[in-house]
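Student: After the structure tokens below, expect a handful of questions from me.
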Amino acid sequence: MRRFVRKQNIFRNKDALGESYQPDRIEERDEEIEEYMDALQPVVDGWEPNNVFLYGNTGVGKTAVTDYLLDRLKRDVADYDDVDLSVFSVNCKTLNSSYQVAVELVNELRPTGGEISSTGYPQQTVFKKLYEELEAIGGTILIVLDEIDSIGDRDELLYELPRARANGKLDSTKVGVIGISNDFKFRDQLDPRVQDTLCERELQFPPYDAPELENILESRAEIAIAEGAIEQGVLNFCAALAARDSGSARQALDLLRLAGEIAENRDADLVERDHVEAARSRLEQERVEEGMRELTTHGRLVLLAVISKAAREKTPCRIREIYEEYATLCDTSGIDPLAQRSVHNHLSDLRMLGILSAYENRSGSRGNYYSYELDVPFASAIEAMSDVLRLDNEIETIREIASRNDVT
């Protein structure tokens, strides 16, 4: 067995490419930062804070800019004796209702040992406890709700919390809510009353383009990568791949980090394009596998139906064509198929996970419809499927069909 030995030929500070790293300056978001600062200005002026709603794809800087500006805001308001600012953040990823978010906030505000149970209370009782904790803290409080779309349409708290002072639930405490969402459609699904309060100030974060991503990578690589340890053109290649896919800085940074790790493990002296290609393949498969962990058995069968169509070079394809393939797979598995409407919902979930892409077809008098296809390489999708779905014969048949059609 080999020994653990330190490797330092590629990385100078690999943590600078990690998700938790806080840069001294946020690159390529000057316009969004200016608009965001304007939305936060009432806090410094001593007035009630605005409620702010941020939306944009994963990895485009919403949370990073929020953390950066709130840290700056806390430092700057310290110069004013009449502003007492507190900031609390909750990630709603695992919370699917206003009730659960309220419980999480109560427990965030209370000291250790004073937490309440996540079940057993009427919703309004939990809301009351939340108001009591907010009033006890006093001053100006900003509550950041990241991935706020996870709570779905059970959004009562999003209506009540921004209006708590106006409705007499709070006396001296001034509360502002910052909602962050990856779902562009989430705002439109909110109750109109919630839109009027939560979305008082809206900020959209567009995807980064390739030159912007390259600038971000260059600033991080200066810190993260050892001098002379990266081949010319690699940063441009990482930026181009991420821009073509999602416009995500997180994806570009992950590509560079993993490419560096692959180069190190191969005892290479510098990061090359081949290492980036290997990193892209691994990250794509991990993305599919991570998405699949969130799927039910029926969701996986719907995905396998699309993969089967892709193997036959019959994508993009309409939902009725996918449904026929899905029903056949259900029959083979001895599972009762869902209704076509439910399959449509699973297709929407797969699209949200970035595994499928959808195209709207406008057909005039016949109405509009969507066609679906894989948004990840076929090889990554089928490999991930074989690990989570026990349909070995069917998967092997799909592999053989794909091989005959030279689908990769």
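To be explicit about the labels: the chains of the structure tokens are called A, B, and onward in the order shown, and within each one the residues are counted from 1, while ligands get numbers from 1 in the order they are shown.
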Got a sec: who's within 12 Å of segment 272-275 of chain A, counting only C-alpha atoms, leaving out chain neighbours fewer than 3 positions off, as a PyMOL selection string?

Tutor: chain A and resi 10+228-238+241+255-269+278-282

Student: I'd like the contact shell of segment 245-254 of chain A - 7 Å cut-off, only C-alpha atoms, skipping same-chain residues fewer than 3 positions apart - returned as a list of chain:residue names.

Tutor: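 Residues meeting the cut-off are A:Leu17, A:Thr58, A:Gly59, A:Val60, A:Pro207, A:Tyr208, A:Asp209, A:Leu213, A:Leu217, A:Cys238, A:Ala239, A:Leu241, A:Ala242, A:Arg257, A:Leu258.
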
Student: Could you write out that same residue set with N, CA, C and O atoms as an mmCIF file, in the first residue's frame?

Tutor:
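Below is the file that was written, part-v9.cif:
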```
data_model
loop_
_atom_site.group_PDB
_atom_site.id
_atom_site.type_symbol
_atom_site.label_atom_id
_atom_site.label_comp_id
_atom_site.auth_asym_id
_atom_site.auth_seq_id
_atom_site.Cartn_x
_atom_site.Cartn_y
_atom_site.Cartn_z
ATOM 1 N N LEU A 17 -11.022 27.517 -5.284
ATOM 2 C CA LEU A 17 -11.937 27.044 -6.322
ATOM 3 C C LEU A 17 -13.168 26.384 -5.717
ATOM 4 O O LEU A 17 -14.033 25.903 -6.455
ATOM 5 N N THR A 58 -28.744 28.347 -11.312
ATOM 6 C CA THR A 58 -27.735 27.944 -10.330
ATOM 7 C C THR A 58 -26.353 28.397 -10.789
ATOM 8 O O THR A 58 -26.001 28.273 -11.961
ATOM 9 N N GLY A 59 -25.579 28.930 -9.845
ATOM 10 C CA GLY A 59 -24.186 29.248 -10.140
ATOM 11 C C GLY A 59 -23.936 30.576 -10.810
ATOM 12 O O GLY A 59 -22.827 30.808 -11.314
ATOM 13 N N VAL A 60 -24.941 31.479 -10.812
ATOM 14 C CA VAL A 60 -24.732 32.763 -11.491
ATOM 15 C C VAL A 60 -24.467 33.901 -10.512
ATOM 16 O O VAL A 60 -24.492 35.065 -10.897
ATOM 17 N N PRO A 207 -27.284 34.390 -16.958
ATOM 18 C CA PRO A 207 -26.120 33.504 -17.051
ATOM 19 C C PRO A 207 -24.883 34.289 -17.489
ATOM 20 O O PRO A 207 -24.980 35.293 -18.199
ATOM 21 N N TYR A 208 -23.718 33.836 -17.051
ATOM 22 C CA TYR A 208 -22.462 34.434 -17.506
ATOM 23 C C TYR A 208 -22.179 33.988 -18.940
ATOM 24 O O TYR A 208 -22.487 32.853 -19.322
ATOM 25 N N ASP A 209 -21.548 34.864 -19.727
ATOM 26 C CA ASP A 209 -21.078 34.428 -21.038
ATOM 27 C C ASP A 209 -19.628 33.962 -20.917
ATOM 28 O O ASP A 209 -19.008 34.064 -19.845
ATOM 29 N N LEU A 213 -16.909 34.371 -17.761
ATOM 30 C CA LEU A 213 -16.453 33.197 -17.015
ATOM 31 C C LEU A 213 -14.927 33.075 -17.054
ATOM 32 O O LEU A 213 -14.307 32.692 -16.052
ATOM 33 N N LEU A 217 -12.458 32.878 -13.861
ATOM 34 C CA LEU A 217 -11.479 31.797 -13.706
ATOM 35 C C LEU A 217 -10.060 32.343 -13.564
ATOM 36 O O LEU A 217 -9.264 31.827 -12.769
ATOM 37 N N CYS A 238 -12.466 25.818 -20.306
ATOM 38 C CA CYS A 238 -13.405 25.642 -19.191
ATOM 39 C C CYS A 238 -14.554 26.644 -19.280
ATOM 40 O O CYS A 238 -15.724 26.302 -19.072
ATOM 41 N N ALA A 239 -14.215 27.894 -19.588
ATOM 42 C CA ALA A 239 -15.233 28.939 -19.687
ATOM 43 C C ALA A 239 -16.199 28.660 -20.824
ATOM 44 O O ALA A 239 -17.419 28.827 -20.678
ATOM 45 N N LEU A 241 -16.990 25.737 -22.172
ATOM 46 C CA LEU A 241 -17.846 24.590 -21.855
ATOM 47 C C LEU A 241 -18.973 25.003 -20.910
ATOM 48 O O LEU A 241 -20.136 24.631 -21.104
ATOM 49 N N ALA A 242 -18.636 25.773 -19.860
ATOM 50 C CA ALA A 242 -19.653 26.185 -18.893
ATOM 51 C C ALA A 242 -20.646 27.163 -19.512
ATOM 52 O O ALA A 242 -21.843 27.098 -19.234
ATOM 53 N N ARG A 257 -11.214 22.874 -11.032
ATOM 54 C CA ARG A 257 -10.740 22.171 -9.832
ATOM 55 C C ARG A 257 -10.560 20.686 -10.089
ATOM 56 O O ARG A 257 -9.514 20.103 -9.766
ATOM 57 N N LEU A 258 -11.562 20.043 -10.693
ATOM 58 C CA LEU A 258 -11.477 18.612 -10.935
ATOM 59 C C LEU A 258 -10.408 18.286 -11.976
ATOM 60 O O LEU A 258 -9.697 17.277 -11.850
#
```

Student: When you look at Ile151 of chain A with a cut-off of 8 Å (counting only C-alpha atoms), what residues show up, excluding the ones that are within fewer than 2 positions of it in the same chain? I need them as a PDB file with N, CA and C atoms, in the first residue's frame.

Tutor:
```pdb
ATOM      1  N   CYS A  92     -33.694  26.767   2.132  1.00  0.00           N
ATOM      2  CA  CYS A  92     -34.995  26.085   2.129  1.00  0.00           C
ATOM      3  C   CYS A  92     -34.993  24.787   1.320  1.00  0.00           C
ATOM      4  N   LEU A  95     -36.840  22.142   2.942  1.00  0.00           N
ATOM      5  CA  LEU A  95     -38.065  22.619   3.596  1.00  0.00           C
ATOM      6  C   LEU A  95     -39.123  22.852   2.524  1.00  0.00           C
ATOM      7  N   ASN A  96     -40.283  22.229   2.663  1.00  0.00           N
ATOM      8  CA  ASN A  96     -41.259  22.314   1.577  1.00  0.00           C
ATOM      9  C   ASN A  96     -42.566  22.994   1.963  1.00  0.00           C
ATOM     10  N   SER A  97     -42.535  23.821   3.015  1.00  0.00           N
ATOM     11  CA  SER A  97     -43.750  24.539   3.401  1.00  0.00           C
ATOM     12  C   SER A  97     -43.384  25.730   4.271  1.00  0.00           C
ATOM     13  N   SER A  98     -44.336  26.675   4.364  1.00  0.00           N
ATOM     14  CA  SER A  98     -44.143  27.826   5.245  1.00  0.00           C
ATOM     15  C   SER A  98     -43.938  27.381   6.695  1.00  0.00           C
ATOM     16  N   ILE A 148     -35.750  29.468  -2.169  1.00  0.00           N
ATOM     17  CA  ILE A 148     -37.078  29.694  -1.618  1.00  0.00           C
ATOM     18  C   ILE A 148     -38.167  28.958  -2.397  1.00  0.00           C
ATOM     19  N   ASP A 149     -37.882  28.617  -3.649  1.00  0.00           N
ATOM     20  CA  ASP A 149     -38.874  27.913  -4.473  1.00  0.00           C
ATOM     21  C   ASP A 149     -39.182  26.522  -3.952  1.00  0.00           C
ATOM     22  N   ASP A 153     -46.200  25.978  -3.315  1.00  0.00           N
ATOM     23  CA  ASP A 153     -47.324  26.917  -3.195  1.00  0.00           C
ATOM     24  C   ASP A 153     -47.813  27.081  -1.750  1.00  0.00           C
ATOM     25  N   ARG A 154     -47.104  26.471  -0.796  1.00  0.00           N
ATOM     26  CA  ARG A 154     -47.481  26.621   0.617  1.00  0.00           C
ATOM     27  C   ARG A 154     -46.696  27.812   1.171  1.00  0.00           C
ATOM     28  N   ASP A 155     -47.114  29.015   0.720  1.00  0.00           N
ATOM     29  CA  ASP A 155     -46.286  30.205   0.864  1.00  0.00           C
ATOM     30  C   ASP A 155     -46.852  31.241   1.830  1.00  0.00           C
TER      31      ASP A 155
END
```

Student: Can you work out which one of A:Ser348, A:Thr197, A:Asn368, A:Gln100 has the shortest atom-to-atom distance to Ala166 of chain A, counting only C-alpha atoms?

Tutor: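 Checking each candidate against Ala166 of chain A, we get A:Thr197 as the closest.
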
Student: Smallest atom-to-atom distance to Val103 of chain A: which of A:Val87, A:Leu40, A:Ile178, A:Leu157, using only C-alpha atoms?

Tutor: A:Leu157

Student: Can you tell me, as a ChimeraX atom specification, what residues are no more than 10 Å from segment 298-309 of chain A when counting only C-alpha atoms, ignoring any on the same chain fewer than 2 positions away?

Tutor: /A:291-296,311-319,321-330,333,335-338,342-347,349-350,355-356,372-374,378-379,381-382,385-386,388-389,391,394-395,397-399,401-402

Student: Residues of segment 244-357 of chain A in alpha helix (DSSP H) according to DSSP, as a short mmCIF file (atom, residue, chain, number, x, y, z; two decimals) with N, CA, C and O atoms, in the first residue's frame?

Tutor:
```cif
data_model
loop_
_atom_site.label_atom_id
_atom_site.label_comp_id
_atom_site.auth_asym_id
_atom_site.auth_seq_id
_atom_site.Cartn_x
_atom_site.Cartn_y
_atom_site.Cartn_z
N ARG A 244 -21.53 27.35 -22.66
CA ARG A 244 -22.38 26.62 -23.61
C ARG A 244 -23.45 25.80 -22.89
O ARG A 244 -24.55 25.61 -23.39
N ASP A 245 -23.13 25.35 -21.68
CA ASP A 245 -24.07 24.50 -20.94
C ASP A 245 -25.05 25.35 -20.14
O ASP A 245 -26.25 25.37 -20.41
N ALA A 249 -20.85 30.01 -13.11
CA ALA A 249 -19.49 30.14 -12.61
C ALA A 249 -19.11 28.93 -11.77
O ALA A 249 -17.96 28.48 -11.79
N ARG A 250 -20.09 28.40 -11.02
CA ARG A 250 -19.81 27.23 -10.20
C ARG A 250 -19.37 26.05 -11.07
O ARG A 250 -18.43 25.34 -10.72
N GLN A 251 -20.02 25.87 -12.22
CA GLN A 251 -19.65 24.78 -13.11
C GLN A 251 -18.24 24.99 -13.67
O GLN A 251 -17.45 24.05 -13.75
N ALA A 252 -17.93 26.22 -14.07
CA ALA A 252 -16.61 26.51 -14.61
C ALA A 252 -15.52 26.26 -13.56
O ALA A 252 -14.47 25.67 -13.86
N LEU A 253 -15.76 26.70 -12.33
CA LEU A 253 -14.79 26.49 -11.26
C LEU A 253 -14.64 25.02 -10.91
O LEU A 253 -13.52 24.54 -10.65
N ASP A 254 -15.76 24.29 -10.91
CA ASP A 254 -15.69 22.85 -10.63
C ASP A 254 -14.89 22.12 -11.71
O ASP A 254 -14.14 21.18 -11.42
N LEU A 255 -15.08 22.54 -12.96
CA LEU A 255 -14.32 21.93 -14.06
C LEU A 255 -12.82 22.12 -13.85
O LEU A 255 -12.04 21.18 -13.99
N LEU A 256 -12.43 23.35 -13.52
CA LEU A 256 -11.01 23.64 -13.33
C LEU A 256 -10.46 22.89 -12.12
O LEU A 256 -9.35 22.31 -12.19
N ARG A 257 -11.21 22.87 -11.03
CA ARG A 257 -10.74 22.17 -9.83
C ARG A 257 -10.56 20.69 -10.09
O ARG A 257 -9.51 20.10 -9.77
N LEU A 258 -11.56 20.04 -10.69
CA LEU A 258 -11.48 18.61 -10.93
C LEU A 258 -10.41 18.29 -11.98
O LEU A 258 -9.70 17.28 -11.85
N ALA A 259 -10.26 19.14 -12.99
CA ALA A 259 -9.21 18.93 -13.98
C ALA A 259 -7.84 18.97 -13.31
O ALA A 259 -6.94 18.17 -13.62
N GLY A 260 -7.67 19.90 -12.35
CA GLY A 260 -6.41 19.96 -11.61
C GLY A 260 -6.17 18.71 -10.78
O GLY A 260 -5.04 18.21 -10.69
N GLU A 261 -7.23 18.20 -10.15
CA GLU A 261 -7.10 16.97 -9.36
C GLU A 261 -6.73 15.79 -10.25
O GLU A 261 -5.89 14.95 -9.86
N ILE A 262 -7.34 15.72 -11.41
CA ILE A 262 -7.02 14.63 -12.35
C ILE A 262 -5.57 14.73 -12.81
O ILE A 262 -4.84 13.73 -12.88
N ALA A 263 -5.12 15.96 -13.09
CA ALA A 263 -3.73 16.16 -13.49
C ALA A 263 -2.78 15.72 -12.38
O ALA A 263 -1.76 15.04 -12.62
N GLU A 264 -3.09 16.09 -11.14
CA GLU A 264 -2.26 15.69 -10.00
C GLU A 264 -2.20 14.18 -9.87
O GLU A 264 -1.13 13.59 -9.66
N ASN A 265 -3.36 13.52 -9.96
CA ASN A 265 -3.41 12.07 -9.78
C ASN A 265 -2.68 11.34 -10.89
O ASN A 265 -2.27 10.18 -10.71
N ARG A 273 -5.97 20.31 -21.65
CA ARG A 273 -7.35 20.16 -22.14
C ARG A 273 -7.88 18.74 -21.90
O ARG A 273 -9.06 18.56 -21.62
N ASP A 274 -7.01 17.74 -22.05
CA ASP A 274 -7.46 16.36 -21.83
C ASP A 274 -7.98 16.17 -20.41
O ASP A 274 -8.93 15.42 -20.18
N HIS A 275 -7.35 16.84 -19.45
CA HIS A 275 -7.80 16.75 -18.06
C HIS A 275 -9.17 17.42 -17.90
O HIS A 275 -10.01 16.94 -17.13
N VAL A 276 -9.39 18.50 -18.63
CA VAL A 276 -10.69 19.17 -18.58
C VAL A 276 -11.77 18.28 -19.19
O VAL A 276 -12.88 18.19 -18.66
N GLU A 277 -11.44 17.61 -20.29
CA GLU A 277 -12.40 16.70 -20.92
C GLU A 277 -12.79 15.57 -19.96
O GLU A 277 -13.97 15.21 -19.84
N ALA A 278 -11.80 15.02 -19.27
CA ALA A 278 -12.08 13.96 -18.31
C ALA A 278 -12.93 14.50 -17.15
O ALA A 278 -13.84 13.82 -16.67
N ALA A 279 -12.63 15.72 -16.72
CA ALA A 279 -13.41 16.33 -15.64
C ALA A 279 -14.85 16.58 -16.08
O ALA A 279 -15.79 16.33 -15.33
N ARG A 280 -15.04 17.04 -17.32
CA ARG A 280 -16.39 17.29 -17.81
C ARG A 280 -17.20 16.00 -17.82
O ARG A 280 -18.36 15.97 -17.38
N SER A 281 -16.61 14.92 -18.31
CA SER A 281 -17.32 13.64 -18.37
C SER A 281 -17.73 13.17 -16.97
O SER A 281 -18.86 12.73 -16.76
N ARG A 282 -16.82 13.32 -16.01
CA ARG A 282 -17.12 12.86 -14.64
C ARG A 282 -18.20 13.72 -14.01
O ARG A 282 -19.12 13.21 -13.36
N LEU A 283 -18.12 15.04 -14.20
CA LEU A 283 -19.11 15.94 -13.60
C LEU A 283 -20.49 15.73 -14.20
O LEU A 283 -21.50 15.81 -13.50
N GLU A 284 -20.54 15.47 -15.50
CA GLU A 284 -21.84 15.23 -16.14
C GLU A 284 -22.50 13.98 -15.58
O GLU A 284 -23.69 13.95 -15.32
N GLN A 285 -21.70 12.91 -15.40
CA GLN A 285 -22.27 11.69 -14.86
C GLN A 285 -22.71 11.91 -13.40
O GLN A 285 -23.78 11.44 -12.99
N GLU A 286 -21.92 12.65 -12.63
CA GLU A 286 -22.30 12.93 -11.25
C GLU A 286 -23.59 13.74 -11.20
O GLU A 286 -24.43 13.54 -10.32
N ARG A 287 -23.75 14.67 -12.14
CA ARG A 287 -24.96 15.49 -12.18
C ARG A 287 -26.19 14.64 -12.44
O ARG A 287 -27.23 14.80 -11.81
N VAL A 288 -26.06 13.70 -13.38
CA VAL A 288 -27.18 12.80 -13.67
C VAL A 288 -27.49 11.94 -12.46
O VAL A 288 -28.64 11.77 -12.07
N GLU A 289 -26.44 11.36 -11.85
CA GLU A 289 -26.66 10.49 -10.70
C GLU A 289 -27.27 11.24 -9.53
O GLU A 289 -28.16 10.72 -8.84
N GLU A 290 -26.82 12.49 -9.31
CA GLU A 290 -27.39 13.29 -8.23
C GLU A 290 -28.86 13.58 -8.51
O GLU A 290 -29.71 13.50 -7.62
N GLY A 291 -29.17 13.93 -9.76
CA GLY A 291 -30.56 14.17 -10.12
C GLY A 291 -31.42 12.94 -9.94
O GLY A 291 -32.56 13.02 -9.49
N MET A 292 -30.87 11.78 -10.27
CA MET A 292 -31.64 10.54 -10.18
C MET A 292 -31.96 10.17 -8.74
O MET A 292 -32.97 9.53 -8.47
N ARG A 293 -31.09 10.58 -7.82
CA ARG A 293 -31.37 10.27 -6.42
C ARG A 293 -32.63 10.98 -5.94
O ARG A 293 -33.25 10.54 -4.96
N THR A 297 -39.27 5.91 -8.63
CA THR A 297 -39.12 4.84 -9.63
C THR A 297 -39.76 5.25 -10.95
O THR A 297 -39.19 5.03 -12.03
N HIS A 298 -40.92 5.89 -10.89
CA HIS A 298 -41.58 6.32 -12.12
C HIS A 298 -40.79 7.41 -12.82
O HIS A 298 -40.71 7.44 -14.06
N GLY A 299 -40.18 8.31 -12.05
CA GLY A 299 -39.34 9.34 -12.65
C GLY A 299 -38.18 8.73 -13.40
O GLY A 299 -37.81 9.18 -14.50
N ARG A 300 -37.59 7.69 -12.84
CA ARG A 300 -36.46 7.02 -13.50
C ARG A 300 -36.92 6.28 -14.75
O ARG A 300 -36.20 6.25 -15.77
N LEU A 301 -38.11 5.69 -14.68
CA LEU A 301 -38.63 5.01 -15.87
C LEU A 301 -38.93 6.00 -16.99
O LEU A 301 -38.72 5.70 -18.17
N VAL A 302 -39.44 7.18 -16.64
CA VAL A 302 -39.69 8.21 -17.65
C VAL A 302 -38.37 8.62 -18.29
O VAL A 302 -38.27 8.77 -19.52
N LEU A 303 -37.33 8.80 -17.48
CA LEU A 303 -36.02 9.15 -18.03
C LEU A 303 -35.49 8.04 -18.93
O LEU A 303 -34.96 8.30 -20.02
N LEU A 304 -35.65 6.79 -18.50
CA LEU A 304 -35.18 5.68 -19.32
C LEU A 304 -35.93 5.64 -20.65
O LEU A 304 -35.36 5.27 -21.68
N ALA A 305 -37.19 6.04 -20.65
CA ALA A 305 -37.96 6.09 -21.89
C ALA A 305 -37.33 7.10 -22.86
O ALA A 305 -37.22 6.83 -24.07
N VAL A 306 -36.91 8.25 -22.34
CA VAL A 306 -36.26 9.25 -23.20
C VAL A 306 -34.90 8.74 -23.67
O VAL A 306 -34.52 8.92 -24.84
N ILE A 307 -34.16 8.07 -22.79
CA ILE A 307 -32.87 7.50 -23.17
C ILE A 307 -33.06 6.48 -24.29
O ILE A 307 -32.28 6.43 -25.25
N SER A 308 -34.10 5.66 -24.18
CA SER A 308 -34.39 4.66 -25.21
C SER A 308 -34.69 5.33 -26.55
O SER A 308 -34.23 4.89 -27.60
N LYS A 309 -35.44 6.41 -26.52
CA LYS A 309 -35.71 7.16 -27.75
C LYS A 309 -34.42 7.75 -28.32
O LYS A 309 -34.21 7.77 -29.54
N ALA A 310 -33.56 8.25 -27.44
CA ALA A 310 -32.28 8.82 -27.89
C ALA A 310 -31.42 7.76 -28.55
O ALA A 310 -30.74 8.04 -29.55
N ALA A 311 -31.43 6.55 -28.01
CA ALA A 311 -30.64 5.47 -28.60
C ALA A 311 -31.09 5.17 -30.02
O ALA A 311 -30.29 4.76 -30.87
N ILE A 319 -44.49 14.14 -25.82
CA ILE A 319 -44.83 13.39 -24.61
C ILE A 319 -45.59 12.11 -24.93
O ILE A 319 -45.39 11.08 -24.27
N ARG A 320 -46.44 12.11 -25.95
CA ARG A 320 -47.19 10.89 -26.25
C ARG A 320 -46.27 9.77 -26.71
O ARG A 320 -46.50 8.59 -26.42
N GLU A 321 -45.17 10.12 -27.40
CA GLU A 321 -44.20 9.12 -27.83
C GLU A 321 -43.40 8.60 -26.63
O GLU A 321 -43.11 7.40 -26.54
N ILE A 322 -43.05 9.51 -25.73
CA ILE A 322 -42.35 9.11 -24.50
C ILE A 322 -43.25 8.23 -23.66
O ILE A 322 -42.81 7.22 -23.08
N TYR A 323 -44.52 8.60 -23.60
CA TYR A 323 -45.46 7.85 -22.77
C TYR A 323 -45.60 6.40 -23.25
O TYR A 323 -45.67 5.47 -22.44
N GLU A 324 -45.64 6.19 -24.56
CA GLU A 324 -45.73 4.83 -25.09
C GLU A 324 -44.52 3.99 -24.67
O GLU A 324 -44.66 2.83 -24.27
N GLU A 325 -43.34 4.60 -24.75
CA GLU A 325 -42.12 3.89 -24.34
C GLU A 325 -42.13 3.63 -22.84
O GLU A 325 -41.76 2.54 -22.37
N TYR A 326 -42.55 4.62 -22.08
CA TYR A 326 -42.64 4.49 -20.61
C TYR A 326 -43.60 3.38 -20.23
O TYR A 326 -43.30 2.55 -19.34
N ALA A 327 -44.77 3.31 -20.87
CA ALA A 327 -45.76 2.28 -20.56
C ALA A 327 -45.20 0.89 -20.83
O ALA A 327 -45.46 -0.05 -20.08
N THR A 328 -44.43 0.76 -21.90
CA THR A 328 -43.80 -0.53 -22.22
C THR A 328 -42.81 -0.93 -21.13
O THR A 328 -42.76 -2.09 -20.71
N LEU A 329 -42.01 0.02 -20.66
CA LEU A 329 -41.04 -0.26 -19.60
C LEU A 329 -41.75 -0.64 -18.30
O LEU A 329 -41.29 -1.52 -17.56
N CYS A 330 -42.87 0.04 -18.01
CA CYS A 330 -43.66 -0.30 -16.82
C CYS A 330 -44.17 -1.73 -16.91
O CYS A 330 -44.12 -2.49 -15.93
N ASP A 331 -44.66 -2.09 -18.09
CA ASP A 331 -45.18 -3.44 -18.30
C ASP A 331 -44.07 -4.47 -18.07
O ASP A 331 -44.28 -5.50 -17.42
N THR A 332 -42.88 -4.20 -18.60
CA THR A 332 -41.74 -5.10 -18.41
C THR A 332 -41.36 -5.23 -16.95
O THR A 332 -40.97 -6.30 -16.48
N SER A 333 -41.52 -4.13 -16.21
CA SER A 333 -41.12 -4.11 -14.80
C SER A 333 -42.21 -4.62 -13.87
O SER A 333 -41.97 -4.75 -12.66
N GLN A 340 -50.84 9.98 -18.21
CA GLN A 340 -49.94 10.79 -19.03
C GLN A 340 -49.64 12.13 -18.38
O GLN A 340 -48.54 12.65 -18.50
N ARG A 341 -50.62 12.71 -17.68
CA ARG A 341 -50.40 13.99 -17.02
C ARG A 341 -49.29 13.89 -15.98
O ARG A 341 -48.46 14.79 -15.84
N SER A 342 -49.25 12.78 -15.24
CA SER A 342 -48.21 12.58 -14.23
C SER A 342 -46.84 12.42 -14.88
O SER A 342 -45.82 12.90 -14.35
N VAL A 343 -46.81 11.77 -16.03
CA VAL A 343 -45.55 11.63 -16.77
C VAL A 343 -45.06 13.01 -17.21
O VAL A 343 -43.85 13.30 -17.17
N HIS A 344 -45.99 13.86 -17.61
CA HIS A 344 -45.63 15.24 -17.98
C HIS A 344 -44.96 15.95 -16.79
O HIS A 344 -43.97 16.68 -16.96
N ASN A 345 -45.47 15.74 -15.58
CA ASN A 345 -44.87 16.35 -14.39
C ASN A 345 -43.45 15.83 -14.16
O ASN A 345 -42.55 16.59 -13.77
N HIS A 346 -43.25 14.53 -14.38
CA HIS A 346 -41.90 13.97 -14.23
C HIS A 346 -40.95 14.54 -15.27
O HIS A 346 -39.77 14.81 -14.98
N LEU A 347 -41.42 14.76 -16.47
CA LEU A 347 -40.59 15.37 -17.51
C LEU A 347 -40.19 16.79 -17.11
O LEU A 347 -39.04 17.21 -17.32
N SER A 348 -41.12 17.52 -16.50
CA SER A 348 -40.81 18.87 -16.03
C SER A 348 -39.75 18.84 -14.94
O SER A 348 -38.85 19.69 -14.90
N ASP A 349 -39.84 17.85 -14.03
CA ASP A 349 -38.83 17.70 -12.98
C ASP A 349 -37.46 17.42 -13.57
O ASP A 349 -36.45 18.00 -13.13
N LEU A 350 -37.41 16.55 -14.56
CA LEU A 350 -36.14 16.20 -15.21
C LEU A 350 -35.54 17.41 -15.93
O LEU A 350 -34.33 17.58 -15.98
N ARG A 351 -36.42 18.23 -16.45
CA ARG A 351 -35.96 19.47 -17.09
C ARG A 351 -35.37 20.41 -16.05
O ARG A 351 -34.31 21.02 -16.27
N MET A 352 -36.04 20.54 -14.90
CA MET A 352 -35.53 21.41 -13.84
C MET A 352 -34.18 20.93 -13.31
O MET A 352 -33.33 21.73 -12.92
#
```

Student: Using only C-alpha atoms, can you tell me which of A:Glu200, A:Glu135, A:Asp171, A:Glu32 comes closest to Tyr159 of chain A?

Tutor: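 That would be A:Glu200, the residue with the smallest distance to Tyr159 of chain A.
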
Student: As a list in words, please: all residues of segment 177-377 of chain A that backbone DSSP puts in strand (DSSP E or B).

Tutor: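 These are the residues in question: Val177, Ile178, Gly179, Ile180, Ser181, Arg201, Glu202, Leu203, Gln204, Ile225, Ile230, Val271, Cys317, Arg318, Leu356, Ser357, Ala358, Tyr359, Glu360, Asn361, Arg362, Asn368, Tyr369, Tyr370, Ser371, Tyr372, Glu373 and Leu374 of chain A.
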
Student: As an MDAnalysis selection string, please: the residues near Phe88 of chain A (cut-off 9 Å, only C-alpha atoms, same-chain neighbours under 4 positions excluded).

Tutor: chainID A and resid 105 108:109 141:145

Student: Save out the residues we just selected, N, CA and C atoms, as a tab-separated table (two decimals), in the first residue's frame.

Tutor:
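As a result, part32.tsv now contains:
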```tsv
chain	number	residue	atom	x	y	z
A	105	LEU	N	-36.63	28.96	11.24
A	105	LEU	CA	-36.27	30.31	11.65
A	105	LEU	C	-36.32	30.47	13.17
A	108	GLU	N	-33.35	28.91	14.55
A	108	GLU	CA	-32.16	29.69	14.22
A	108	GLU	C	-32.02	30.89	15.16
A	109	LEU	N	-33.14	31.47	15.53
A	109	LEU	CA	-33.12	32.66	16.39
A	109	LEU	C	-32.93	32.33	17.86
A	141	ILE	N	-33.86	43.55	11.00
A	141	ILE	CA	-33.50	42.15	10.76
A	141	ILE	C	-33.73	41.82	9.30
A	142	LEU	N	-32.71	41.30	8.65
A	142	LEU	CA	-32.83	40.79	7.28
A	142	LEU	C	-32.82	39.27	7.33
A	143	ILE	N	-33.83	38.66	6.72
A	143	ILE	CA	-33.94	37.21	6.69
A	143	ILE	C	-33.74	36.75	5.26
A	144	VAL	N	-32.69	35.96	5.03
A	144	VAL	CA	-32.37	35.46	3.70
A	144	VAL	C	-32.92	34.04	3.58
A	145	LEU	N	-33.79	33.84	2.60
A	145	LEU	CA	-34.36	32.52	2.33
A	145	LEU	C	-33.83	32.04	0.99
```

Student: List the spatial neighbours of Tyr80 of chain A as an MDAnalysis selection string - criterion: any atom at most 10 Å away, only C-alpha atoms, same-chain residues fewer than 2 positions off excluded.

Tutor: chainID A and resid 44:46 76:78 82:84

Student: Please provide the set of residues having any atom within 12 Å of Ser219 of chain A, restricted to only C-alpha atoms, with same-chain residues fewer than 3 positions apart removed, written as a list in words.

Tutor: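 What passes the distance filter is Ala16, Leu17, Pro23, Asp24, Arg25, Ile26, Glu27, Glu28, Glu212, Leu213, Glu214, Asn215, Ile216, Glu222, Ile223, Ala224, Ile225, Leu235 and Leu253 of chain A.
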